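File shown: target.pdb (PDB, C-alpha atoms).
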```pdb
MODEL        1
ATOM      1  CA  MET X 280     126.808  98.185  87.381
ATOM      2  CA  SER X 281     123.139  98.123  86.418
ATOM      3  CA  ILE X 282     121.727 100.099  83.531
ATOM      4  CA  GLY X 283     119.750 102.276  85.968
ATOM      5  CA  VAL X 284     122.828 103.068  88.077
ATOM      6  CA  ILE X 285     124.833 103.972  84.970
ATOM      7  CA  TYR X 286     122.059 106.309  83.839
ATOM      8  CA  LYS X 287     121.980 108.080  87.214
ATOM      9  CA  ASN X 288     125.761 108.665  86.987
ATOM     10  CA  LEU X 289     125.484 110.652  83.761
ATOM     11  CA  LEU X 290     125.516 114.447  83.610
ATOM     12  CA  ASP X 291     124.124 116.757  80.937
ATOM     13  CA  GLU X 292     127.583 117.141  79.395
ATOM     14  CA  ASP X 293     127.876 113.356  79.138
ATOM     15  CA  PHE X 294     124.621 113.202  77.194
ATOM     16  CA  LYS X 295     125.813 116.082  75.029
ATOM     17  CA  VAL X 296     128.821 114.012  73.951
ATOM     18  CA  LEU X 297     126.743 110.853  73.439
ATOM     19  CA  SER X 298     124.276 112.805  71.286
ATOM     20  CA  ALA X 299     127.108 114.287  69.229
ATOM     21  CA  LEU X 300     128.517 110.805  68.671
ATOM     22  CA  GLU X 301     125.124 109.596  67.477
ATOM     23  CA  ARG X 302     124.902 112.435  64.942
ATOM     24  CA  VAL X 303     128.466 112.093  63.684
ATOM     25  CA  LEU X 304     128.243 108.306  63.342
ATOM     26  CA  LEU X 305     125.390 108.530  60.859
ATOM     27  CA  ASN X 306     128.006 108.906  58.124
ATOM     28  CA  ARG X 307     131.074 107.157  59.534
ATOM     29  CA  GLU X 308     132.073 104.210  61.682
ATOM     30  CA  TYR X 309     134.247 106.129  64.161
ATOM     31  CA  ALA X 310     134.374 109.800  65.161
ATOM     32  CA  PRO X 311     137.748 111.532  65.650
ATOM     33  CA  ILE X 312     138.016 113.617  68.788
ATOM     34  CA  GLN X 313     138.495 116.828  66.784
ATOM     35  CA  LEU X 314     135.136 116.314  65.097
ATOM     36  CA  LEU X 315     133.480 115.726  68.469
ATOM     37  CA  GLU X 316     135.025 118.905  69.786
ATOM     38  CA  LYS X 317     133.532 120.798  66.856
ATOM     39  CA  ASN X 318     130.086 119.217  67.338
ATOM     40  CA  THR X 319     129.881 119.666  71.108
ATOM     41  CA  GLY X 320     131.681 122.980  71.591
ATOM     42  CA  ILE X 321     133.497 121.356  74.521
ATOM     43  CA  HIS X 322     137.218 122.096  74.757
ATOM     44  CA  GLU X 323     139.429 119.100  73.976
ATOM     45  CA  GLU X 324     140.893 118.795  77.487
ATOM     46  CA  LYS X 325     137.452 118.520  79.074
ATOM     47  CA  LEU X 326     136.165 116.377  76.219
ATOM     48  CA  VAL X 327     138.956 113.876  76.840
ATOM     49  CA  LEU X 328     137.884 113.587  80.484
ATOM     50  CA  ILE X 329     134.241 113.054  79.532
ATOM     51  CA  LEU X 330     135.163 110.422  76.946
ATOM     52  CA  ARG X 331     137.377 108.682  79.496
ATOM     53  CA  LYS X 332     134.398 108.496  81.859
ATOM     54  CA  LEU X 333     132.077 107.217  79.107
ATOM     55  CA  HIS X 334     134.669 104.650  78.070
ATOM     56  CA  GLY X 335     135.005 103.455  81.656
ATOM     57  CA  LEU X 336     131.233 102.984  81.808
ATOM     58  CA  LYS X 337     131.396 101.065  78.498
ATOM     59  CA  LEU X 338     129.187 103.605  76.745
ATOM     60  CA  VAL X 339     131.750 104.303  74.027
ATOM     61  CA  LYS X 340     134.425 102.265  72.295
ATOM     62  CA  LYS X 341     137.866 103.758  71.624
ATOM     63  CA  GLU X 342     140.163 103.075  68.686
ATOM     64  CA  THR X 343     143.334 104.645  67.352
ATOM     65  CA  ILE X 344     143.085 105.062  63.586
ATOM     66  CA  MET X 345     146.116 106.377  61.680
ATOM     67  CA  GLY X 346     147.445 107.805  64.932
ATOM     68  CA  GLU X 347     144.191 109.607  65.752
ATOM     69  CA  LYS X 348     141.965 108.840  68.756
ATOM     70  CA  CYS X 349     138.474 107.924  67.557
ATOM     71  CA  PHE X 350     135.288 106.852  69.301
ATOM     72  CA  ARG X 351     131.954 105.197  68.593
ATOM     73  CA  LEU X 352     128.813 104.432  70.599
ATOM     74  CA  THR X 353     128.265 101.022  72.129
ATOM     75  CA  PHE X 354     124.782  99.574  72.449
ATOM     76  CA  LEU X 355     124.892 100.606  76.104
ATOM     77  CA  GLY X 356     125.613 104.194  75.099
ATOM     78  CA  TYR X 357     122.697 104.062  72.687
ATOM     79  CA  ASP X 358     120.576 102.720  75.563
ATOM     80  CA  MET X 359     121.343 105.813  77.617
ATOM     81  CA  LEU X 360     120.177 108.158  74.862
ATOM     82  CA  ALA X 361     116.907 106.249  74.498
ATOM     83  CA  ILE X 362     116.253 106.176  78.244
ATOM     84  CA  LYS X 363     116.923 109.923  78.456
ATOM     85  CA  ALA X 364     114.428 110.635  75.663
ATOM     86  CA  LEU X 365     111.777 108.336  77.177
ATOM     87  CA  ALA X 366     112.186 109.993  80.578
ATOM     88  CA  ARG X 367     111.929 113.466  79.009
ATOM     89  CA  ALA X 368     108.704 112.369  77.289
ATOM     90  CA  ASN X 369     107.273 111.148  80.636
ATOM     91  CA  ILE X 370     106.957 107.593  79.329
ATOM     92  CA  ILE X 371     109.209 106.137  82.023
ATOM     93  CA  GLU X 372     110.377 107.461  85.378
ATOM     94  CA  ALA X 373     112.746 104.699  86.452
ATOM     95  CA  ILE X 374     114.332 101.535  85.146
ATOM     96  CA  GLY X 375     115.149  98.505  87.256
ATOM     97  CA  ASP X 376     116.507  95.004  86.854
ATOM     98  CA  LYS X 377     116.707  92.884  83.738
ATOM     99  CA  ILE X 378     113.780  90.456  83.688
ATOM    100  CA  GLY X 379     114.313  88.714  80.371
ATOM    101  CA  VAL X 380     116.790  88.036  77.588
ATOM    102  CA  GLY X 381     115.549  87.241  74.113
ATOM    103  CA  LYS X 382     117.254  86.181  70.924
ATOM    104  CA  GLU X 383     117.524  89.812  69.914
ATOM    105  CA  SER X 384     116.371  91.842  72.903
ATOM    106  CA  ASP X 385     116.888  92.557  76.586
ATOM    107  CA  ILE X 386     113.868  93.271  78.808
ATOM    108  CA  TYR X 387     113.953  95.417  81.944
ATOM    109  CA  ILE X 388     111.291  96.257  84.485
ATOM    110  CA  GLY X 389     110.477  99.954  84.623
ATOM    111  CA  LEU X 390     108.151 102.465  86.204
ATOM    112  CA  ALA X 391     105.898 104.855  84.294
ATOM    113  CA  PRO X 392     104.368 108.006  85.798
ATOM    114  CA  GLY X 393     101.926 107.109  88.560
ATOM    115  CA  GLY X 394     103.956 104.089  89.641
ATOM    116  CA  LEU X 395     102.681 101.875  86.814
ATOM    117  CA  GLN X 396     104.959  98.913  86.111
ATOM    118  CA  VAL X 397     106.108  98.600  82.507
ATOM    119  CA  ALA X 398     108.421  96.373  80.514
ATOM    120  CA  VAL X 399     111.244  98.197  78.731
ATOM    121  CA  LYS X 400     112.454  96.275  75.700
ATOM    122  CA  PHE X 401     115.845  97.039  74.154
ATOM    123  CA  LEU X 402     116.139  95.644  70.615
ATOM    124  CA  ARG X 403     119.549  94.128  69.805
ATOM    125  CA  ILE X 404     119.218  93.251  66.135
ATOM    126  CA  GLY X 405     122.183  91.396  64.723
ATOM    127  CA  ARG X 406     123.173  89.794  68.013
ATOM    128  CA  THR X 407     122.312  86.305  66.789
ATOM    129  CA  SER X 408     119.978  86.272  63.812
ATOM    130  CA  PHE X 409     121.220  86.704  60.253
ATOM    131  CA  ARG X 410     117.691  85.977  59.001
ATOM    132  CA  GLN X 411     116.334  88.946  60.930
ATOM    133  CA  THR X 412     119.145  91.126  59.587
ATOM    134  CA  LYS X 413     118.218  90.216  56.018
ATOM    135  CA  ARG X 414     114.592  91.145  56.715
ATOM    136  CA  VAL X 415     115.602  94.498  58.121
ATOM    137  CA  ARG X 416     117.670  95.198  55.024
ATOM    138  CA  VAL X 417     114.539  94.653  52.987
ATOM    139  CA  TRP X 418     112.737  97.179  55.182
ATOM    140  CA  THR X 419     115.525  99.713  54.640
ATOM    141  CA  ARG X 420     114.987  99.372  50.876
ATOM    142  CA  GLY X 421     118.395  98.047  50.004
ATOM    143  CA  LYS X 422     120.454 100.301  52.262
ATOM    144  CA  ILE X 423     122.853  98.438  54.521
ATOM    145  CA  ALA X 424     122.020  99.873  57.940
ATOM    146  CA  ASP X 425     124.232  99.332  60.981
ATOM    147  CA  TRP X 426     123.010  97.447  64.031
ATOM    148  CA  TYR X 427     121.738 100.643  65.675
ATOM    149  CA  GLN X 428     119.669 101.686  62.667
ATOM    150  CA  GLN X 429     118.320  98.165  62.231
ATOM    151  CA  SER X 430     117.321  97.977  65.893
ATOM    152  CA  LYS X 431     115.670 101.383  65.634
ATOM    153  CA  ILE X 432     113.650 100.244  62.604
ATOM    154  CA  CYS X 433     112.536  97.112  64.467
ATOM    155  CA  ALA X 434     111.478  99.084  67.554
ATOM    156  CA  GLU X 435     109.342 101.431  65.458
ATOM    157  CA  ARG X 436     107.805  98.489  63.590
ATOM    158  CA  GLU X 437     106.980  96.673  66.812
ATOM    159  CA  PHE X 438     105.414  99.752  68.400
ATOM    160  CA  LYS X 439     103.242 100.417  65.348
ATOM    161  CA  ALA X 440     102.182  96.767  65.168
ATOM    162  CA  LEU X 441     101.228  96.716  68.851
ATOM    163  CA  GLN X 442      99.284  99.950  68.429
ATOM    164  CA  ALA X 443      97.282  98.500  65.543
ATOM    165  CA  LEU X 444      96.728  95.167  67.292
ATOM    166  CA  HIS X 445      95.763  96.622  70.665
ATOM    167  CA  LYS X 446      93.266  98.925  68.978
ATOM    168  CA  VAL X 447      91.364  95.988  67.449
ATOM    169  CA  GLY X 448      91.305  93.866  70.594
ATOM    170  CA  ALA X 449      94.158  91.440  69.984
ATOM    171  CA  LEU X 450      95.787  89.889  73.044
ATOM    172  CA  VAL X 451      99.075  91.808  72.968
ATOM    173  CA  PRO X 452     100.753  94.039  75.563
ATOM    174  CA  LYS X 453      99.565  97.636  75.478
ATOM    175  CA  PRO X 454     102.239  99.853  73.863
ATOM    176  CA  MET X 455     103.242 102.880  75.943
ATOM    177  CA  GLY X 456     105.916 104.498  73.766
ATOM    178  CA  PHE X 457     109.207 104.027  71.965
ATOM    179  CA  ASN X 458     112.433 105.846  71.212
ATOM    180  CA  ARG X 459     115.305 104.750  69.030
ATOM    181  CA  HIS X 460     115.682 100.984  69.636
ATOM    182  CA  VAL X 461     113.568 100.818  72.809
ATOM    183  CA  VAL X 462     109.880  99.935  73.149
ATOM    184  CA  VAL X 463     107.933 100.428  76.385
ATOM    185  CA  ILE X 464     104.913  98.180  76.918
ATOM    186  CA  GLU X 465     102.629  97.266  79.794
ATOM    187  CA  PHE X 466     104.112  94.748  82.213
ATOM    188  CA  ILE X 467     102.351  91.387  82.227
ATOM    189  CA  ASP X 468     103.038  89.051  85.135
ATOM    190  CA  GLY X 469     103.261  85.755  83.321
ATOM    191  CA  LEU X 470     105.298  82.825  82.096
ATOM    192  CA  GLU X 471     106.550  82.335  78.579
ATOM    193  CA  LEU X 472     105.055  79.286  76.950
ATOM    194  CA  TYR X 473     108.461  77.646  76.462
ATOM    195  CA  GLU X 474     108.525  77.193  80.260
ATOM    196  CA  ARG X 475     105.574  74.829  79.767
ATOM    197  CA  PRO X 476     103.346  76.190  82.547
ATOM    198  CA  ASN X 477     100.831  73.793  84.065
ATOM    199  CA  LEU X 478      97.688  75.003  82.286
ATOM    200  CA  GLU X 479      94.249  74.158  83.633
ATOM    201  CA  ASN X 480      92.668  74.706  80.214
ATOM    202  CA  PRO X 481      95.298  74.338  77.468
ATOM    203  CA  LEU X 482      92.633  74.081  74.756
ATOM    204  CA  GLY X 483      91.167  77.403  75.891
ATOM    205  CA  VAL X 484      94.618  79.007  75.837
ATOM    206  CA  LEU X 485      95.263  77.714  72.316
ATOM    207  CA  SER X 486      91.868  78.997  71.167
ATOM    208  CA  LYS X 487      92.706  82.487  72.431
ATOM    209  CA  ILE X 488      96.074  82.410  70.659
ATOM    210  CA  LEU X 489      94.382  81.441  67.403
ATOM    211  CA  GLU X 490      91.832  84.187  68.009
ATOM    212  CA  THR X 491      94.598  86.785  68.221
ATOM    213  CA  ILE X 492      96.252  85.368  65.079
ATOM    214  CA  SER X 493      92.866  85.749  63.359
ATOM    215  CA  ILE X 494      92.303  89.298  64.604
ATOM    216  CA  ALA X 495      95.802  90.269  63.492
ATOM    217  CA  TYR X 496      95.210  88.792  60.044
ATOM    218  CA  HIS X 497      91.692  90.101  59.400
ATOM    219  CA  LYS X 498      91.498  93.346  61.386
ATOM    220  CA  ALA X 499      95.088  94.607  61.551
ATOM    221  CA  GLN X 500      96.036  92.979  58.221
ATOM    222  CA  ILE X 501      99.309  91.565  59.557
ATOM    223  CA  VAL X 502     100.944  88.181  60.189
ATOM    224  CA  HIS X 503     103.344  87.657  63.088
ATOM    225  CA  GLY X 504     105.732  85.621  60.970
ATOM    226  CA  ASP X 505     107.836  83.984  63.695
ATOM    227  CA  LEU X 506     105.394  82.608  66.247
ATOM    228  CA  SER X 507     106.660  80.054  68.751
ATOM    229  CA  GLU X 508     106.526  79.162  72.430
ATOM    230  CA  TYR X 509     109.204  81.822  73.016
ATOM    231  CA  ASN X 510     106.938  84.755  72.156
ATOM    232  CA  ILE X 511     103.710  83.736  73.845
ATOM    233  CA  LEU X 512     103.285  84.961  77.410
ATOM    234  CA  VAL X 513     100.630  83.349  79.644
ATOM    235  CA  ARG X 514      99.347  85.594  82.439
ATOM    236  CA  ARG X 515      99.553  83.863  85.808
ATOM    237  CA  GLU X 516      96.258  85.013  87.268
ATOM    238  CA  ASP X 517      93.886  83.812  84.543
ATOM    239  CA  GLU X 518      95.907  81.940  81.854
ATOM    240  CA  THR X 519      95.293  84.677  79.285
ATOM    241  CA  PRO X 520      97.899  84.334  76.501
ATOM    242  CA  PHE X 521      99.569  87.402  74.999
ATOM    243  CA  ILE X 522     101.537  87.278  71.762
ATOM    244  CA  ILE X 523     104.727  89.335  71.967
ATOM    245  CA  ASP X 524     107.721  90.173  69.724
ATOM    246  CA  TRP X 525     106.158  91.640  66.565
ATOM    247  CA  PRO X 526     108.973  93.479  64.697
ATOM    248  CA  GLN X 527     109.258  90.765  62.031
ATOM    249  CA  TYR X 528     105.568  90.957  61.014
ATOM    250  CA  VAL X 529     104.515  91.117  57.360
ATOM    251  CA  TYR X 530     101.393  92.634  55.890
ATOM    252  CA  ARG X 531      98.582  90.369  54.757
ATOM    253  CA  ASP X 532      99.148  91.271  51.103
ATOM    254  CA  ASP X 533     102.856  90.380  51.245
ATOM    255  CA  PRO X 534     103.679  87.397  48.975
ATOM    256  CA  SER X 535     105.182  85.544  51.947
ATOM    257  CA  ALA X 536     102.150  86.085  54.223
ATOM    258  CA  PRO X 537     100.217  82.865  53.383
ATOM    259  CA  GLU X 538     103.202  80.642  54.084
ATOM    260  CA  LEU X 539     104.148  82.528  57.251
ATOM    261  CA  LEU X 540     100.567  82.387  58.525
ATOM    262  CA  LYS X 541     100.493  78.643  57.923
ATOM    263  CA  ARG X 542     103.808  78.245  59.707
ATOM    264  CA  ASP X 543     102.604  80.249  62.719
ATOM    265  CA  VAL X 544      99.366  78.278  63.066
ATOM    266  CA  PHE X 545     100.878  74.856  62.441
ATOM    267  CA  TYR X 546     103.764  75.484  64.826
ATOM    268  CA  VAL X 547     101.661  76.618  67.772
ATOM    269  CA  VAL X 548      99.011  73.900  67.283
ATOM    270  CA  ARG X 549     101.666  71.176  67.083
ATOM    271  CA  PHE X 550     103.353  72.556  70.195
ATOM    272  CA  PHE X 551     100.093  72.317  72.175
ATOM    273  CA  ASN X 552      99.386  68.853  70.783
ATOM    274  CA  ARG X 553     102.847  67.649  71.792
ATOM    275  CA  VAL X 554     103.207  69.324  75.184
ATOM    276  CA  TYR X 555      99.604  69.375  76.418
ATOM    277  CA  ARG X 556      98.452  66.205  74.648
ATOM    278  CA  LEU X 557      95.726  67.824  72.598
ATOM    279  CA  SER X 558      94.505  66.477  69.277
ATOM    280  CA  VAL X 559      93.746  69.680  67.359
ATOM    281  CA  ASN X 560      94.095  69.448  63.581
ATOM    282  CA  PRO X 561      96.561  72.113  62.312
ATOM    283  CA  GLN X 562      94.932  72.412  58.890
ATOM    284  CA  GLU X 563      91.469  72.817  60.377
ATOM    285  CA  SER X 564      92.886  75.507  62.677
ATOM    286  CA  LEU X 565      94.392  77.305  59.696
ATOM    287  CA  ASN X 566      91.080  77.110  57.852
ATOM    288  CA  SER X 567      89.318  78.550  60.901
ATOM    289  CA  VAL X 568      91.779  81.457  60.982
ATOM    290  CA  LEU X 569      91.350  82.127  57.278
ATOM    291  CA  ASN X 570      87.535  81.984  57.551
ATOM    292  CA  TRP X 571      87.370  83.782  60.900
ATOM    293  CA  LYS X 572      84.444  86.045  61.640
ATOM    294  CA  GLU X 573      84.151  86.703  65.370
ATOM    295  CA  THR X 574      85.537  83.819  67.412
ATOM    296  CA  LEU X 575      86.971  80.327  67.082
ATOM    297  CA  ASN X 576      85.177  77.397  68.649
ATOM    298  CA  TYR X 577      86.421  73.905  69.205
TER     299      TYR X 577
ENDMDL
END
```
Hey, can you dump this file as structure tokens for me?
Amino acid sequence: MSIGVIYKNLLDEDFKVLSALERVLLNREYAPIQLLEKNTGIHEEKLVLILRKLHGLKLVKKETIMGEKCFRLTFLGYDMLAIKALARANIIEAIGDKIGVGKESDIYIGLAPGGLQVAVKFLRIGRTSFRQTKRVRVWTRGKIADWYQQSKICAEREFKALQALHKVGALVPKPMGFNRHVVVIEFIDGLELYERPNLENPLGVLSKILETISIAYHKAQIVHGDLSEYNILVRREDETPFIIDWPQYVYRDDPSAPELLKRDVFYVVRFFNRVYRLSVNPQESLNSVLNWKETLNY
């Protein structure tokens, strides 16, 4: 069953229980049914039926702890709460098929008011990357957040980064909104660079990527920090490259920024040299980024 179909099957009382679970689980791993009854005001007999439905849809997980039935949200249940909030805020009107799977995200096509196509990105921090988890724990100032909290932090970071970058003219998707662990951005019909699209002007594409790295560094004061062929999207119609996946960014004054900037530039230049048979010098490219004024020329 698709995420959109599941959402359409939910009633207000279902969302009431999901919301209560979210609140209760801020301070515990599982919520006993008696506590949910208290938080929802729904009688236990009806609550059991609602939880059975939510469990069947894989929106909650059930455990028996010391003889007591307890529940917690799944990521899918958390998805429903975010979609509901985004729909209420008129950021999205519908959600369709999955169009991409990242290391720590799932991407769906969606519709915004007016029929505008958008990409709906669900952050799934902790699915594969321990390195990312360690970074998030730094952001939470030493507190050990669960996967939901970490994903929420990353979504907010990505939205704020895209806002800052879009404002100064960087080639990034336009941010439309976010809620919890979900970010909504403009839909770009393109291919990710790892698919090695047949570029008519690979040097021009690389120059635009380095331009956005420069704008991010000098105007938005941030460094992507994890740039690779997997987070560069090349628009089909005109080969314009867009840099995506920004939740791991660091500020320019962060002690790790110089090394991360160097890594980003060197990695992308070497990729273009290897795949598209260019002969661009990585160090000269880094120097151009560091000394950037308005545009890079090769």
Exercise for review: Take atom CA of X:Val502 and atom CA of X:Glu538 and report the distance between them in Å, one decimal.
Suggested key: 10.0 Å
Practice item. Select, counting all atoms listed in the file, all protein, DNA and RNA residues no farther than 12 Å from (139.5, 107.6, 68.9) in file coordinates, and express the selection as a PyMOL selection string. Key: chain X and resi 300+308-315+326-327+330-331+334+339-352
May I have the residues from that selection written out with C-alpha atoms, as a PDB file, in the coordinates of the input?
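Written output follows (selection_7.pdb):
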```
ATOM      1  CA  LEU X 300     128.517 110.805  68.671  1.00  0.00           C
ATOM      2  CA  GLU X 308     132.073 104.210  61.682  1.00  0.00           C
ATOM      3  CA  TYR X 309     134.247 106.129  64.161  1.00  0.00           C
ATOM      4  CA  ALA X 310     134.374 109.800  65.161  1.00  0.00           C
ATOM      5  CA  PRO X 311     137.748 111.532  65.650  1.00  0.00           C
ATOM      6  CA  ILE X 312     138.016 113.617  68.788  1.00  0.00           C
ATOM      7  CA  GLN X 313     138.495 116.828  66.784  1.00  0.00           C
ATOM      8  CA  LEU X 314     135.136 116.314  65.097  1.00  0.00           C
ATOM      9  CA  LEU X 315     133.480 115.726  68.469  1.00  0.00           C
ATOM     10  CA  LEU X 326     136.165 116.377  76.219  1.00  0.00           C
ATOM     11  CA  VAL X 327     138.956 113.876  76.840  1.00  0.00           C
ATOM     12  CA  LEU X 330     135.163 110.422  76.946  1.00  0.00           C
ATOM     13  CA  ARG X 331     137.377 108.682  79.496  1.00  0.00           C
ATOM     14  CA  HIS X 334     134.669 104.650  78.070  1.00  0.00           C
ATOM     15  CA  VAL X 339     131.750 104.303  74.027  1.00  0.00           C
ATOM     16  CA  LYS X 340     134.425 102.265  72.295  1.00  0.00           C
ATOM     17  CA  LYS X 341     137.866 103.758  71.624  1.00  0.00           C
ATOM     18  CA  GLU X 342     140.163 103.075  68.686  1.00  0.00           C
ATOM     19  CA  THR X 343     143.334 104.645  67.352  1.00  0.00           C
ATOM     20  CA  ILE X 344     143.085 105.062  63.586  1.00  0.00           C
ATOM     21  CA  MET X 345     146.116 106.377  61.680  1.00  0.00           C
ATOM     22  CA  GLY X 346     147.445 107.805  64.932  1.00  0.00           C
ATOM     23  CA  GLU X 347     144.191 109.607  65.752  1.00  0.00           C
ATOM     24  CA  LYS X 348     141.965 108.840  68.756  1.00  0.00           C
ATOM     25  CA  CYS X 349     138.474 107.924  67.557  1.00  0.00           C
ATOM     26  CA  PHE X 350     135.288 106.852  69.301  1.00  0.00           C
ATOM     27  CA  ARG X 351     131.954 105.197  68.593  1.00  0.00           C
ATOM     28  CA  LEU X 352     128.813 104.432  70.599  1.00  0.00           C
TER      29      LEU X 352
END
```
Review point. Counting only C-alpha atoms, what is within 8 Å of X:Tyr509, bar same-chain residues fewer than 4 positions away, as a PyMOL selection string?
Key: chain X and resi 471-473
Point to revise | Radius query 10 Å about (110.7, 108.1, 78.6), atoms used: all atoms listed in the file, as a ChimeraX atom specification | key: /X:361-374,390-392,399,455-458,461-463
Review point. What does the distance between atom CA of X:Pro476 and atom CA of X:Leu450 come to in Å, to one decimal place?
Key: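 Distance reported for this atom pair: 18.3 Å.
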Check your understanding: Between X:Thr353, X:Gly283, X:Asp533, X:Gly448, which is the closest to X:Leu304 once you count only C-alpha atoms?
Key ->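 Of X:Thr353, X:Gly283, X:Asp533, X:Gly448, the one nearest X:Leu304 is X:Thr353, counting only C-alpha atoms.
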Review point. Atom CA of X:Leu539 and atom CA of X:Gly504 are how many Å apart?
Key: 5.1 Å
Check your understanding: Can you list, as a PyMOL selection string, the residues that the PyMOL selection byres ((chain X and resi 403) around 10) selects here?
Key -> chain X and resi 354+381-385+400-402+404-408+426-427+429-431+433-434+460-461
Env of X:Lys377: 7 Å cut, atoms = only C-alpha atoms, seq-sep filter 4 positions within chain, self excluded. Answer as an mmCIF file with C-alpha atoms, in the coordinates of the input.
```cif
data_model
loop_
_atom_site.group_PDB
_atom_site.id
_atom_site.type_symbol
_atom_site.label_atom_id
_atom_site.label_comp_id
_atom_site.auth_asym_id
_atom_site.auth_seq_id
_atom_site.Cartn_x
_atom_site.Cartn_y
_atom_site.Cartn_z
ATOM 1 C CA ILE X 386 113.868 93.271 78.808
ATOM 2 C CA TYR X 387 113.953 95.417 81.944
ATOM 3 C CA ILE X 388 111.291 96.257 84.485
#
```
Could I see stretch 478-489 of chain X restored to N, CA and C atoms, set down as a PDB file, in the coordinates of the input?
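Contents of rebuild_20.pdb, as written:
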```pdb
ATOM      1  N   LEU X 478      98.929  74.327  82.650  1.00  0.00           N
ATOM      2  CA  LEU X 478      97.688  75.003  82.286  1.00  0.00           C
ATOM      3  C   LEU X 478      96.472  74.170  82.684  1.00  0.00           C
ATOM      4  N   GLU X 479      95.497  74.845  83.296  1.00  0.00           N
ATOM      5  CA  GLU X 479      94.249  74.158  83.633  1.00  0.00           C
ATOM      6  C   GLU X 479      93.405  73.913  82.394  1.00  0.00           C
ATOM      7  N   ASN X 480      93.481  74.823  81.423  1.00  0.00           N
ATOM      8  CA  ASN X 480      92.668  74.706  80.214  1.00  0.00           C
ATOM      9  C   ASN X 480      93.529  75.005  78.978  1.00  0.00           C
ATOM     10  N   PRO X 481      94.410  74.081  78.607  1.00  0.00           N
ATOM     11  CA  PRO X 481      95.298  74.338  77.468  1.00  0.00           C
ATOM     12  C   PRO X 481      94.549  74.566  76.158  1.00  0.00           C
ATOM     13  N   LEU X 482      93.408  73.883  75.980  1.00  0.00           N
ATOM     14  CA  LEU X 482      92.633  74.081  74.756  1.00  0.00           C
ATOM     15  C   LEU X 482      92.086  75.504  74.690  1.00  0.00           C
ATOM     16  N   GLY X 483      91.655  76.028  75.846  1.00  0.00           N
ATOM     17  CA  GLY X 483      91.167  77.403  75.891  1.00  0.00           C
ATOM     18  C   GLY X 483      92.267  78.403  75.602  1.00  0.00           C
ATOM     19  N   VAL X 484      93.474  78.131  76.098  1.00  0.00           N
ATOM     20  CA  VAL X 484      94.618  79.007  75.837  1.00  0.00           C
ATOM     21  C   VAL X 484      94.952  79.001  74.349  1.00  0.00           C
ATOM     22  N   LEU X 485      94.997  77.820  73.751  1.00  0.00           N
ATOM     23  CA  LEU X 485      95.263  77.714  72.316  1.00  0.00           C
ATOM     24  C   LEU X 485      94.206  78.458  71.507  1.00  0.00           C
ATOM     25  N   SER X 486      92.954  78.317  71.888  1.00  0.00           N
ATOM     26  CA  SER X 486      91.868  78.997  71.167  1.00  0.00           C
ATOM     27  C   SER X 486      92.046  80.509  71.189  1.00  0.00           C
ATOM     28  N   LYS X 487      92.484  81.044  72.331  1.00  0.00           N
ATOM     29  CA  LYS X 487      92.706  82.487  72.431  1.00  0.00           C
ATOM     30  C   LYS X 487      93.902  82.928  71.585  1.00  0.00           C
ATOM     31  N   ILE X 488      94.917  82.098  71.512  1.00  0.00           N
ATOM     32  CA  ILE X 488      96.074  82.410  70.659  1.00  0.00           C
ATOM     33  C   ILE X 488      95.636  82.454  69.204  1.00  0.00           C
ATOM     34  N   LEU X 489      94.862  81.474  68.784  1.00  0.00           N
ATOM     35  CA  LEU X 489      94.382  81.441  67.403  1.00  0.00           C
ATOM     36  C   LEU X 489      93.431  82.607  67.131  1.00  0.00           C
TER      37      LEU X 489
END
```
